Number of protein chains: 2
Amino acid sequence: MRVLVTGAAGMLGRKLTRRLLERGRLRGERIDAVDLVDLVPAPVESELCDVHVADLSRSGEAEALVSVGPDVVFHLAAVVSAEAEADFDKGMGVNVDGTRQLFDAIRLAPGVPRVVYASSIAVFGAPFPDPIPDDFHPTPLTSYGTQKLIGEALLADYSRRGFLDGVGIRFPTVSVRPGKPNAAASSFFSGIIREPLNGQEAKLPVSRDVRHPHASPRAAVGFMLHAAELDTSRLGGRPNLTMPGVSVTVGEQIEALGRVAGPDAAALIIEAPDPTVAEIVAGWPPRFDTARATTLGFTADDTYEDIIRAYIADDLP
Amino acid sequence: MRVLVTGAAGMLGRKLTRRLLERGRLRGERIDAVDLVDLVPAPVESELCDVHVADLSRSGEAEALVSVGPDVVFHLAAVVSAEAEADFDKGMGVNVDGTRQLFDAIRLAPGVPRVVYASSIAVFGAPFPDPIPDDFHPTPLTSYGTQKLIGEALLADYSRRGFLDGVGIRFPTVSVRPGKPNAAASSFFSGIIREPLNGQEAKLPVSRDVRHPHASPRAAVGFMLHAAELDTSRLGGRPNLTMPGVSVTVGEQIEALGRVAGPDAAALIIEAPDPTVAEIVAGWPPRFDTARATTLGFTADDTYEDIIRAYIADDLP
């Protein structure tokens with residue numbers, strides 16, 4: 001069995017690749033080759049990996065990658081939220097055109113691979129009911145969310161027509177992200193845990209009563225593997241699923257940090273209100289009822305403390 | 001004020017154009033020019049009309065049309081449901097690429113015109129609650145519905161970013177359509193009224209208890225004009241609206257025909273069950289709660305009898 005991972009050089013792409021190689025099997029078969037695609041070379045984790053530097057939005061590049069006949073495709077390549085908002089053409093090019101080129105290459109090639117599409121709860125925009133049900137309409141408030149929604153619509157139609165066998169997974173905010181803070185408005189959700197665990201101060205730009213759903217990188221990889229192995233006849237023609245997450249307030253995140261790492265760690269969080277960040281975050285979903293995904297066997301972390309412990313175990317330098 | 005109509009040679013495009021010329025005014029201003037665009041020449045109804053034969057999905061054509069600076073754009077051009085299902089590439093080309101080319105031409109030109117986008121309740125797919133609320137998720141069961149949904153997503157994001165000032169209107173089934181039956185699965189909804197009124201037999205391929213929402217072509221044109229004049233600050237960033245309609249069963253349609261045209265007309269309807277049509281129609285929405293559109297002042301026909309009378313007044317040969 002041959003696996004293709006796009007966006008393979010990113011944080012989730014690297015963790016997914018490592019997990020695939022550890023397991024050695026997917027959908028009951030041995031993994032013989034893993035094609036890793038990104039705009040920059042992904043790290044080679046095993047001799048099973050083939051590294052490809054390619055831009056999927058450029059004509060012909062997706063065809064070449066798909067010509068080897070992948071059985072499972074994990075499509076993670078994307079321009080993230082802040083960049084898609086700052087550079088509209090780039091976001092449309094990578095997130096819409098790149099996705100369509102990939103899906104069309106699969107459509108026109110032999111075989112009907114499983115395609116796991118990384119979507120996002122950014123397809124939703126306020127105002128919201130609480131909790132947000134599985135049948136709530138997506139009305140994104142960012143170009144990134146719009147572009148992910150277009151990819152979901154393509155995935156569903158291409159699956160219905162039998163061009164591919166898709167599962168779209170809407171990730172909650174993935175925290176605790178390893179590494180450095182970035183320009184994303186959501187960066188603080190990880191920063192207020194990661195920086196104190198590394199003995200550094202972290203700024204909190206929003207109120208402690210902001211509520212948001214989270215999944216650890218470990219749980220996010222678990223969603224992708226489960227999506228790769230799911231019986232898609234159970235999806236009822238609606239292959240895009242909001243993933244479960246741990247819905248907590250920022251205050252609850254900080255309390256969990258105190259319980260796991262002690263009050264000194266929590267004391268490193270400095271209130272630094274930022275009205276711009278607060279306004280963006282106010283449009284984000286606080287809590288979902290993810291009955292469909294849960295019934296289909298997708299599982300999140302149990303508590304935010306578990307999310308912190310996953311960071312300590314997997315990523316603390 | 002300058003108006004651009006795409007799909008101007010189609011049934012709704014022609015009726016819209018005639019109504020615009022009768023009114024002579026839109027958004028409180030005199031209409032000085034109407035640009036009529038389609039793949040075939042639209043009929044010239046007045047010296048104010050400029051007829052353009054153009055394929056919006058071809059690079060450069062939308063730019064040329066938009067370069068004259070329209071104040072209001074009615075975007076009706078589309079490949080319809082049956083054709084988009086039969087010819088996937090054509091549907092994507094016209095319904096997705098054509099729409100994106102048009103919106104991008106508007107984005108890159110000076111001015112922020114009002115754009116009225118003709119969408120469809122085909123963005124929804126069964127199973128449904130009854131009635132279907134305004135915040136129900138769109139999960140289309142056709143490529144046409146998928147393509148219309150992608151247009152809606154683009155319209156919303158382009159509006160949010162200030163590239164254009166959009167209103168998307170999801171038409172219910174438009175009946176009674178004048179003219180001949182066509183290959184669309186929905187054709188019988190008009191045929192069972194139109195053919196008997198013209199003294200001809202009509203086949204009924206589905207059960208009389210099939211429920212579906214309808215709007216007359218006259219009401220459909222009214223939706224478009226209201227959308228052109230609406231205060232879009234009232235849309236709360238959600239510019240795509242399910243239009244009101246008259247939700248009736250096929251049996252109720254036939255009873256209305258009997259009341260308007262007598263029992264002899266209704267007796268011309270022949271039951272001719274077609275499992276293929278019945279299965280397609282079973283995936284279509286029966287009834288909506290269109291509170292948003294109603295609050296915003298969109299109005300449907302009052303009864304199905306009114307829809308029949310509109311056909312007799314406007315279209316009976």
# chains A, B, ... in the order shown; residues from 1 in each chain; ligands from 1
>>> interface_residues(of="chain A", to="chain B", cutoff="7 Å", atoms="only C-alpha atoms", output="PyMOL selection string")
chain A and resi 135-139+143+146+150+153+157+238
>>> residues_around(residues="Gly245 (chain B)", least_positions_apart="4", cutoff="6 Å", atoms="only C-alpha atoms", output="NGL selection string")
:B and (213-215 or 300)
>>> calpha_fit_and_write(fixed="chain A", moving="chain B", output="mmCIF file with C-alpha atoms, in the first residue's frame")
data_model
loop_
_atom_site.group_PDB
_atom_site.id
_atom_site.type_symbol
_atom_site.label_atom_id
_atom_site.label_comp_id
_atom_site.auth_asym_id
_atom_site.auth_seq_id
_atom_site.Cartn_x
_atom_site.Cartn_y
_atom_site.Cartn_z
ATOM 1 C CA MET B 1 -0.009 0.003 0.021
ATOM 2 C CA ARG B 2 1.187 3.417 -0.981
ATOM 3 C CA VAL B 3 0.456 6.609 0.969
ATOM 4 C CA LEU B 4 0.716 10.209 -0.244
ATOM 5 C CA VAL B 5 0.984 13.068 2.258
ATOM 6 C CA THR B 6 0.709 16.686 1.069
ATOM 7 C CA GLY B 7 1.914 19.444 3.380
ATOM 8 C CA ALA B 8 4.308 16.794 4.671
ATOM 9 C CA ALA B 9 6.899 19.284 5.934
ATOM 10 C CA GLY B 10 4.401 20.944 8.271
ATOM 11 C CA MET B 11 3.960 20.133 11.941
ATOM 12 C CA LEU B 12 1.020 17.787 11.481
ATOM 13 C CA GLY B 13 2.458 16.292 8.285
ATOM 14 C CA ARG B 14 5.676 15.320 10.061
ATOM 15 C CA LYS B 15 3.851 13.857 13.054
ATOM 16 C CA LEU B 16 1.485 11.943 10.762
ATOM 17 C CA THR B 17 4.389 10.533 8.748
ATOM 18 C CA ARG B 18 6.197 9.385 11.898
ATOM 19 C CA ARG B 19 3.059 7.708 13.195
ATOM 20 C CA LEU B 20 2.437 5.952 9.842
ATOM 21 C CA LEU B 21 5.993 4.610 9.864
ATOM 22 C CA GLU B 22 5.720 3.455 13.486
ATOM 23 C CA ARG B 23 2.507 1.580 12.703
ATOM 24 C CA GLY B 24 3.821 0.194 9.431
ATOM 25 C CA ARG B 25 0.263 -0.688 8.468
ATOM 26 C CA LEU B 26 -2.884 1.098 7.346
ATOM 27 C CA ARG B 27 -6.306 -0.257 6.421
ATOM 28 C CA GLY B 28 -5.042 -3.737 7.275
ATOM 29 C CA GLU B 29 -2.172 -3.611 4.785
ATOM 30 C CA ARG B 30 1.570 -3.101 5.009
ATOM 31 C CA ILE B 31 2.757 0.375 4.049
ATOM 32 C CA ASP B 32 5.302 -0.051 1.253
ATOM 33 C CA ALA B 33 5.926 3.573 0.330
ATOM 34 C CA VAL B 34 5.157 7.046 1.632
ATOM 35 C CA ASP B 35 5.314 9.966 -0.794
ATOM 36 C CA LEU B 36 5.973 13.204 1.073
ATOM 37 C CA VAL B 37 5.038 16.380 -0.803
ATOM 38 C CA ASP B 38 5.539 19.990 0.166
ATOM 39 C CA LEU B 39 6.932 23.274 -1.145
ATOM 40 C CA VAL B 40 10.083 22.522 0.863
ATOM 41 C CA PRO B 41 11.648 19.077 1.367
ATOM 42 C CA ALA B 42 10.005 17.115 4.174
ATOM 43 C CA PRO B 43 12.410 15.302 6.519
ATOM 44 C CA VAL B 44 13.117 11.711 5.466
ATOM 45 C CA GLU B 45 12.101 9.477 8.348
ATOM 46 C CA SER B 46 12.659 6.104 6.691
ATOM 47 C CA GLU B 47 13.796 4.467 3.476
ATOM 48 C CA LEU B 48 10.105 4.018 2.650
ATOM 49 C CA CYS B 49 9.816 7.780 2.166
ATOM 50 C CA ASP B 50 10.084 9.515 -1.192
ATOM 51 C CA VAL B 51 10.416 13.274 -0.846
ATOM 52 C CA HIS B 52 8.897 15.524 -3.521
ATOM 53 C CA VAL B 53 9.142 19.284 -3.759
ATOM 54 C CA ALA B 54 6.059 20.389 -5.676
ATOM 55 C CA ASP B 55 3.455 23.129 -5.924
ATOM 56 C CA LEU B 56 0.105 21.387 -6.365
ATOM 57 C CA SER B 57 -1.507 24.511 -7.760
ATOM 58 C CA ARG B 58 0.772 24.361 -10.796
ATOM 59 C CA SER B 59 -0.578 22.447 -13.738
ATOM 60 C CA GLY B 60 0.834 18.937 -14.113
ATOM 61 C CA GLU B 61 2.425 18.607 -10.672
ATOM 62 C CA ALA B 62 -0.497 16.820 -9.028
ATOM 63 C CA GLU B 63 -0.776 14.446 -12.019
ATOM 64 C CA ALA B 64 2.848 13.385 -11.582
ATOM 65 C CA LEU B 65 2.377 12.681 -7.886
ATOM 66 C CA VAL B 66 -0.825 10.750 -8.378
ATOM 67 C CA SER B 67 0.530 8.729 -11.291
ATOM 68 C CA VAL B 68 2.270 6.324 -8.880
ATOM 69 C CA GLY B 69 -1.168 5.186 -7.691
ATOM 70 C CA PRO B 70 -1.577 6.077 -4.010
ATOM 71 C CA ASP B 71 -4.075 4.029 -2.012
ATOM 72 C CA VAL B 72 -4.483 6.706 0.645
ATOM 73 C CA VAL B 73 -3.947 10.458 0.223
ATOM 74 C CA PHE B 74 -3.687 12.781 3.215
ATOM 75 C CA HIS B 75 -4.213 16.301 1.859
ATOM 76 C CA LEU B 76 -2.804 18.704 4.451
ATOM 77 C CA ALA B 77 -1.119 21.267 2.198
ATOM 78 C CA ALA B 78 -2.597 24.703 2.855
ATOM 79 C CA VAL B 79 -1.885 28.369 3.273
ATOM 80 C CA VAL B 80 -2.915 29.115 6.852
ATOM 81 C CA SER B 81 -5.477 31.579 8.073
ATOM 82 C CA ALA B 82 -3.422 34.736 8.561
ATOM 83 C CA GLU B 83 -1.570 34.327 5.273
ATOM 84 C CA ALA B 84 -4.743 33.579 3.274
ATOM 85 C CA GLU B 85 -6.232 36.775 4.687
ATOM 86 C CA ALA B 86 -3.134 38.853 3.898
ATOM 87 C CA ASP B 87 -2.540 37.401 0.411
ATOM 88 C CA PHE B 88 -5.877 36.611 -1.197
ATOM 89 C CA ASP B 89 -4.472 35.265 -4.479
ATOM 90 C CA LYS B 90 -2.028 32.955 -2.714
ATOM 91 C CA GLY B 91 -4.764 31.541 -0.494
ATOM 92 C CA MET B 92 -7.055 30.900 -3.470
ATOM 93 C CA GLY B 93 -4.168 29.425 -5.441
ATOM 94 C CA VAL B 94 -2.985 26.954 -2.831
ATOM 95 C CA ASN B 95 -6.173 26.205 -0.912
ATOM 96 C CA VAL B 96 -8.657 26.142 -3.810
ATOM 97 C CA ASP B 97 -6.698 25.597 -7.026
ATOM 98 C CA GLY B 98 -4.178 23.240 -5.423
ATOM 99 C CA THR B 99 -6.943 21.145 -3.895
ATOM 100 C CA ARG B 100 -8.894 21.052 -7.157
ATOM 101 C CA GLN B 101 -5.779 20.112 -9.156
ATOM 102 C CA LEU B 102 -5.099 17.272 -6.731
ATOM 103 C CA PHE B 103 -8.681 16.013 -6.766
ATOM 104 C CA ASP B 104 -8.829 16.268 -10.567
ATOM 105 C CA ALA B 105 -5.555 14.372 -10.928
ATOM 106 C CA ILE B 106 -7.058 11.618 -8.769
ATOM 107 C CA ARG B 107 -10.300 11.733 -10.772
ATOM 108 C CA LEU B 108 -8.495 11.284 -14.078
ATOM 109 C CA ALA B 109 -6.089 8.555 -12.853
ATOM 110 C CA PRO B 110 -7.020 4.885 -12.404
ATOM 111 C CA GLY B 111 -8.104 3.844 -8.919
ATOM 112 C CA VAL B 112 -10.296 5.435 -6.257
ATOM 113 C CA PRO B 113 -8.036 6.237 -3.295
ATOM 114 C CA ARG B 114 -9.197 7.175 0.153
ATOM 115 C CA VAL B 115 -8.631 10.928 0.464
ATOM 116 C CA VAL B 116 -8.398 12.422 3.949
ATOM 117 C CA TYR B 117 -8.915 16.176 3.598
ATOM 118 C CA ALA B 118 -7.754 18.478 6.387
ATOM 119 C CA SER B 119 -10.500 21.037 6.885
ATOM 120 C CA SER B 120 -11.065 23.314 9.849
ATOM 121 C CA ILE B 121 -13.726 24.671 12.174
ATOM 122 C CA ALA B 122 -12.844 27.961 10.444
ATOM 123 C CA VAL B 123 -15.613 27.010 7.992
ATOM 124 C CA PHE B 124 -17.959 28.259 10.732
ATOM 125 C CA GLY B 125 -18.510 31.888 11.730
ATOM 126 C CA ALA B 126 -20.466 33.640 14.490
ATOM 127 C CA PRO B 127 -23.211 34.046 15.609
ATOM 128 C CA PHE B 128 -23.551 30.498 16.931
ATOM 129 C CA PRO B 129 -25.958 28.398 18.951
ATOM 130 C CA ASP B 130 -24.349 26.655 21.962
ATOM 131 C CA PRO B 131 -23.466 23.922 21.340
ATOM 132 C CA ILE B 132 -23.139 24.077 17.541
ATOM 133 C CA PRO B 133 -24.875 21.019 16.044
ATOM 134 C CA ASP B 134 -23.526 18.897 13.193
ATOM 135 C CA ASP B 135 -26.132 20.302 10.795
ATOM 136 C CA PHE B 136 -25.283 23.979 11.433
ATOM 137 C CA HIS B 137 -24.533 25.972 8.280
ATOM 138 C CA PRO B 138 -20.952 26.964 7.536
ATOM 139 C CA THR B 139 -20.646 30.744 7.069
ATOM 140 C CA PRO B 140 -16.908 31.421 7.284
ATOM 141 C CA LEU B 141 -15.591 34.828 8.349
ATOM 142 C CA THR B 142 -12.161 34.403 6.750
ATOM 143 C CA SER B 143 -10.887 33.641 3.260
ATOM 144 C CA TYR B 144 -9.149 30.587 4.728
ATOM 145 C CA GLY B 145 -12.464 29.249 6.060
ATOM 146 C CA THR B 146 -14.106 29.973 2.691
ATOM 147 C CA GLN B 147 -11.361 28.141 0.828
ATOM 148 C CA LYS B 148 -11.584 25.143 3.166
ATOM 149 C CA LEU B 149 -15.354 25.094 2.647
ATOM 150 C CA ILE B 150 -14.905 25.020 -1.128
ATOM 151 C CA GLY B 151 -12.547 22.059 -0.698
ATOM 152 C CA GLU B 152 -15.180 20.310 1.414
ATOM 153 C CA ALA B 153 -17.809 20.866 -1.280
ATOM 154 C CA LEU B 154 -15.497 19.446 -3.942
ATOM 155 C CA LEU B 155 -14.577 16.479 -1.728
ATOM 156 C CA ALA B 156 -18.242 15.628 -1.184
ATOM 157 C CA ASP B 157 -19.166 15.855 -4.856
ATOM 158 C CA TYR B 158 -16.081 13.983 -6.067
ATOM 159 C CA SER B 159 -16.879 11.264 -3.523
ATOM 160 C CA ARG B 160 -20.552 11.110 -4.541
ATOM 161 C CA ARG B 161 -19.516 10.685 -8.172
ATOM 162 C CA GLY B 162 -16.998 7.961 -7.290
ATOM 163 C CA PHE B 163 -13.930 9.954 -8.382
ATOM 164 C CA LEU B 164 -12.358 9.440 -4.950
ATOM 165 C CA ASP B 165 -13.368 8.132 -1.525
ATOM 166 C CA GLY B 166 -13.215 11.174 0.720
ATOM 167 C CA VAL B 167 -13.403 12.007 4.386
ATOM 168 C CA GLY B 168 -13.130 15.666 5.390
ATOM 169 C CA ILE B 169 -12.102 16.343 8.942
ATOM 170 C CA ARG B 170 -12.667 19.742 10.495
ATOM 171 C CA PHE B 171 -9.895 20.184 13.020
ATOM 172 C CA PRO B 172 -10.505 22.224 16.143
ATOM 173 C CA THR B 173 -7.604 24.462 17.158
ATOM 174 C CA VAL B 174 -4.588 22.207 17.511
ATOM 175 C CA SER B 175 -2.797 22.945 20.755
ATOM 176 C CA VAL B 176 -0.252 22.723 22.241
ATOM 177 C CA ARG B 177 1.690 23.396 19.038
ATOM 178 C CA PRO B 178 5.424 22.875 19.454
ATOM 179 C CA GLY B 179 7.889 25.518 18.327
ATOM 180 C CA LYS B 180 7.683 29.278 18.291
ATOM 181 C CA PRO B 181 4.730 31.679 18.372
ATOM 182 C CA ASN B 182 3.495 32.680 14.920
ATOM 183 C CA ALA B 183 1.420 35.488 13.457
ATOM 184 C CA ALA B 184 -1.854 33.545 13.652
ATOM 185 C CA ALA B 185 -4.531 35.081 15.886
ATOM 186 C CA SER B 186 -4.828 31.626 17.506
ATOM 187 C CA SER B 187 -1.142 31.470 18.405
ATOM 188 C CA PHE B 188 -1.739 32.441 22.050
ATOM 189 C CA PHE B 189 -3.878 29.327 22.657
ATOM 190 C CA SER B 190 -0.658 27.284 22.463
ATOM 191 C CA GLY B 191 1.658 30.009 23.682
ATOM 192 C CA ILE B 192 0.060 30.388 27.113
ATOM 193 C CA ILE B 193 0.864 26.720 27.798
ATOM 194 C CA ARG B 194 4.077 26.165 25.814
ATOM 195 C CA GLU B 195 6.037 29.248 26.914
ATOM 196 C CA PRO B 196 5.450 28.750 30.677
ATOM 197 C CA LEU B 197 6.408 25.057 30.359
ATOM 198 C CA ASN B 198 9.661 26.303 28.820
ATOM 199 C CA GLY B 199 10.150 28.792 31.672
ATOM 200 C CA GLN B 200 9.186 31.802 29.592
ATOM 201 C CA GLU B 201 6.543 34.491 29.924
ATOM 202 C CA ALA B 202 3.500 34.354 27.625
ATOM 203 C CA LYS B 203 1.117 37.148 26.682
ATOM 204 C CA LEU B 204 -2.621 36.614 26.946
ATOM 205 C CA PRO B 205 -4.389 38.927 24.450
ATOM 206 C CA VAL B 206 -8.009 37.923 25.274
ATOM 207 C CA SER B 207 -10.308 37.572 28.255
ATOM 208 C CA ARG B 208 -10.125 34.398 30.378
ATOM 209 C CA ASP B 209 -13.767 33.601 29.623
ATOM 210 C CA VAL B 210 -13.102 32.994 25.896
ATOM 211 C CA ARG B 211 -14.211 29.419 25.177
ATOM 212 C CA HIS B 212 -12.792 27.341 22.320
ATOM 213 C CA PRO B 213 -12.356 23.667 21.362
ATOM 214 C CA HIS B 214 -8.883 22.114 21.289
ATOM 215 C CA ALA B 215 -7.198 18.902 20.196
ATOM 216 C CA SER B 216 -3.606 17.871 20.792
ATOM 217 C CA PRO B 217 -1.414 17.196 17.747
ATOM 218 C CA ARG B 218 -1.504 13.537 18.906
ATOM 219 C CA ALA B 219 -5.331 13.528 18.762
ATOM 220 C CA ALA B 220 -5.227 15.341 15.397
ATOM 221 C CA VAL B 221 -3.031 12.595 13.939
ATOM 222 C CA GLY B 222 -5.442 10.058 15.430
ATOM 223 C CA PHE B 223 -8.337 11.710 13.582
ATOM 224 C CA MET B 224 -6.462 11.385 10.287
ATOM 225 C CA LEU B 225 -5.608 7.726 10.793
ATOM 226 C CA HIS B 226 -9.184 6.914 11.815
ATOM 227 C CA ALA B 227 -10.473 8.806 8.769
ATOM 228 C CA ALA B 228 -8.158 6.732 6.557
ATOM 229 C CA GLU B 229 -9.625 3.509 7.907
ATOM 230 C CA LEU B 230 -13.282 4.507 8.297
ATOM 231 C CA ASP B 231 -16.056 2.651 6.481
ATOM 232 C CA THR B 232 -17.247 5.551 4.323
ATOM 233 C CA SER B 233 -20.560 3.837 3.585
ATOM 234 C CA ARG B 234 -21.472 5.022 7.095
ATOM 235 C CA LEU B 235 -21.178 8.705 6.097
ATOM 236 C CA GLY B 236 -24.550 8.902 4.342
ATOM 237 C CA GLY B 237 -23.102 11.038 1.564
ATOM 238 C CA ARG B 238 -21.962 13.727 4.019
ATOM 239 C CA PRO B 239 -18.221 13.128 4.246
ATOM 240 C CA ASN B 240 -17.269 16.344 6.066
ATOM 241 C CA LEU B 241 -17.181 15.895 9.824
ATOM 242 C CA THR B 242 -16.551 18.261 12.714
ATOM 243 C CA MET B 243 -14.009 16.551 14.937
ATOM 244 C CA PRO B 244 -14.493 16.286 18.694
ATOM 245 C CA GLY B 245 -12.323 18.481 20.896
ATOM 246 C CA VAL B 246 -11.912 19.621 24.459
ATOM 247 C CA SER B 247 -13.971 22.815 24.828
ATOM 248 C CA VAL B 248 -12.442 24.940 27.558
ATOM 249 C CA THR B 249 -12.195 28.595 28.472
ATOM 250 C CA VAL B 250 -8.807 30.245 28.513
ATOM 251 C CA GLY B 251 -9.192 30.384 32.319
ATOM 252 C CA GLU B 252 -9.680 26.600 32.373
ATOM 253 C CA GLN B 253 -6.580 26.164 30.190
ATOM 254 C CA ILE B 254 -4.574 28.161 32.723
ATOM 255 C CA GLU B 255 -6.025 26.227 35.677
ATOM 256 C CA ALA B 256 -5.048 22.973 33.944
ATOM 257 C CA LEU B 257 -1.531 24.313 33.444
ATOM 258 C CA GLY B 258 -1.361 25.097 37.152
ATOM 259 C CA ARG B 259 -2.448 21.561 38.063
ATOM 260 C CA VAL B 260 0.035 19.923 35.670
ATOM 261 C CA ALA B 261 3.069 22.210 36.082
ATOM 262 C CA GLY B 262 2.417 24.140 39.288
ATOM 263 C CA PRO B 263 1.421 27.713 40.105
ATOM 264 C CA ASP B 264 4.801 29.154 39.105
ATOM 265 C CA ALA B 265 4.190 28.103 35.507
ATOM 266 C CA ALA B 266 0.712 29.652 35.472
ATOM 267 C CA ALA B 267 2.152 32.857 36.958
ATOM 268 C CA LEU B 268 4.221 33.362 33.793
ATOM 269 C CA ILE B 269 1.064 34.328 31.886
ATOM 270 C CA ILE B 270 0.799 38.097 31.531
ATOM 271 C CA GLU B 271 -2.502 39.748 30.645
ATOM 272 C CA ALA B 272 -1.890 41.910 27.578
ATOM 273 C CA PRO B 273 -5.303 42.704 26.038
ATOM 274 C CA ASP B 274 -5.224 43.050 22.242
ATOM 275 C CA PRO B 275 -8.556 44.295 20.857
ATOM 276 C CA THR B 276 -7.696 43.142 17.308
ATOM 277 C CA VAL B 277 -7.045 39.560 18.389
ATOM 278 C CA ALA B 278 -10.048 39.658 20.747
ATOM 279 C CA GLU B 279 -12.344 40.716 17.892
ATOM 280 C CA ILE B 280 -11.112 37.958 15.570
ATOM 281 C CA VAL B 281 -11.433 35.309 18.268
ATOM 282 C CA ALA B 282 -14.967 36.492 19.107
ATOM 283 C CA GLY B 283 -16.044 35.201 15.666
ATOM 284 C CA TRP B 284 -14.732 31.708 16.380
ATOM 285 C CA PRO B 285 -16.838 28.778 17.541
ATOM 286 C CA PRO B 286 -16.814 28.041 21.292
ATOM 287 C CA ARG B 287 -18.308 24.548 21.488
ATOM 288 C CA PHE B 288 -19.649 21.842 19.167
ATOM 289 C CA ASP B 289 -21.915 18.867 19.610
ATOM 290 C CA THR B 290 -19.934 16.433 17.442
ATOM 291 C CA ALA B 291 -22.360 13.528 17.656
ATOM 292 C CA ARG B 292 -21.648 12.316 14.110
ATOM 293 C CA ALA B 293 -17.883 12.066 14.520
ATOM 294 C CA THR B 294 -18.200 10.513 17.969
ATOM 295 C CA THR B 295 -20.622 7.881 16.692
ATOM 296 C CA LEU B 296 -18.178 7.140 13.866
ATOM 297 C CA GLY B 297 -15.440 6.458 16.426
ATOM 298 C CA PHE B 298 -13.355 9.648 16.322
ATOM 299 C CA THR B 299 -11.956 10.377 19.785
ATOM 300 C CA ALA B 300 -10.477 13.542 21.262
ATOM 301 C CA ASP B 301 -8.279 14.043 24.294
ATOM 302 C CA ASP B 302 -10.242 13.529 27.540
ATOM 303 C CA THR B 303 -9.270 16.768 29.276
ATOM 304 C CA TYR B 304 -7.139 19.828 28.686
ATOM 305 C CA GLU B 305 -4.681 18.435 31.244
ATOM 306 C CA ASP B 306 -4.214 15.455 28.907
ATOM 307 C CA ILE B 307 -3.472 17.897 26.088
ATOM 308 C CA ILE B 308 -0.759 19.528 28.199
ATOM 309 C CA ARG B 309 0.663 16.119 29.147
ATOM 310 C CA ALA B 310 0.737 15.114 25.448
ATOM 311 C CA TYR B 311 2.848 18.194 24.708
ATOM 312 C CA ILE B 312 5.220 17.387 27.579
ATOM 313 C CA ALA B 313 5.574 13.766 26.437
ATOM 314 C CA ASP B 314 5.828 14.409 22.688
ATOM 315 C CA ASP B 315 7.313 17.850 22.183
ATOM 316 C CA LEU B 316 8.840 19.539 25.235
ATOM 317 C CA PRO B 317 12.438 20.300 24.219
#
>>> select_by_dssp(residues="region 35-248 of chain A", states="strand (DSSP E)", output="PyMOL selection string")
chain A and resi 35-38+49-53+72-75+114-120+165-171+173-174+202-204+211-215+240-242+246-248
>>> select_by_dssp(residues="region 112-240 of chain A", states="helix (DSSP H, G or I)", output="ChimeraX atom specification")
/A:121-123,143-160,187-197,217-229,232-235
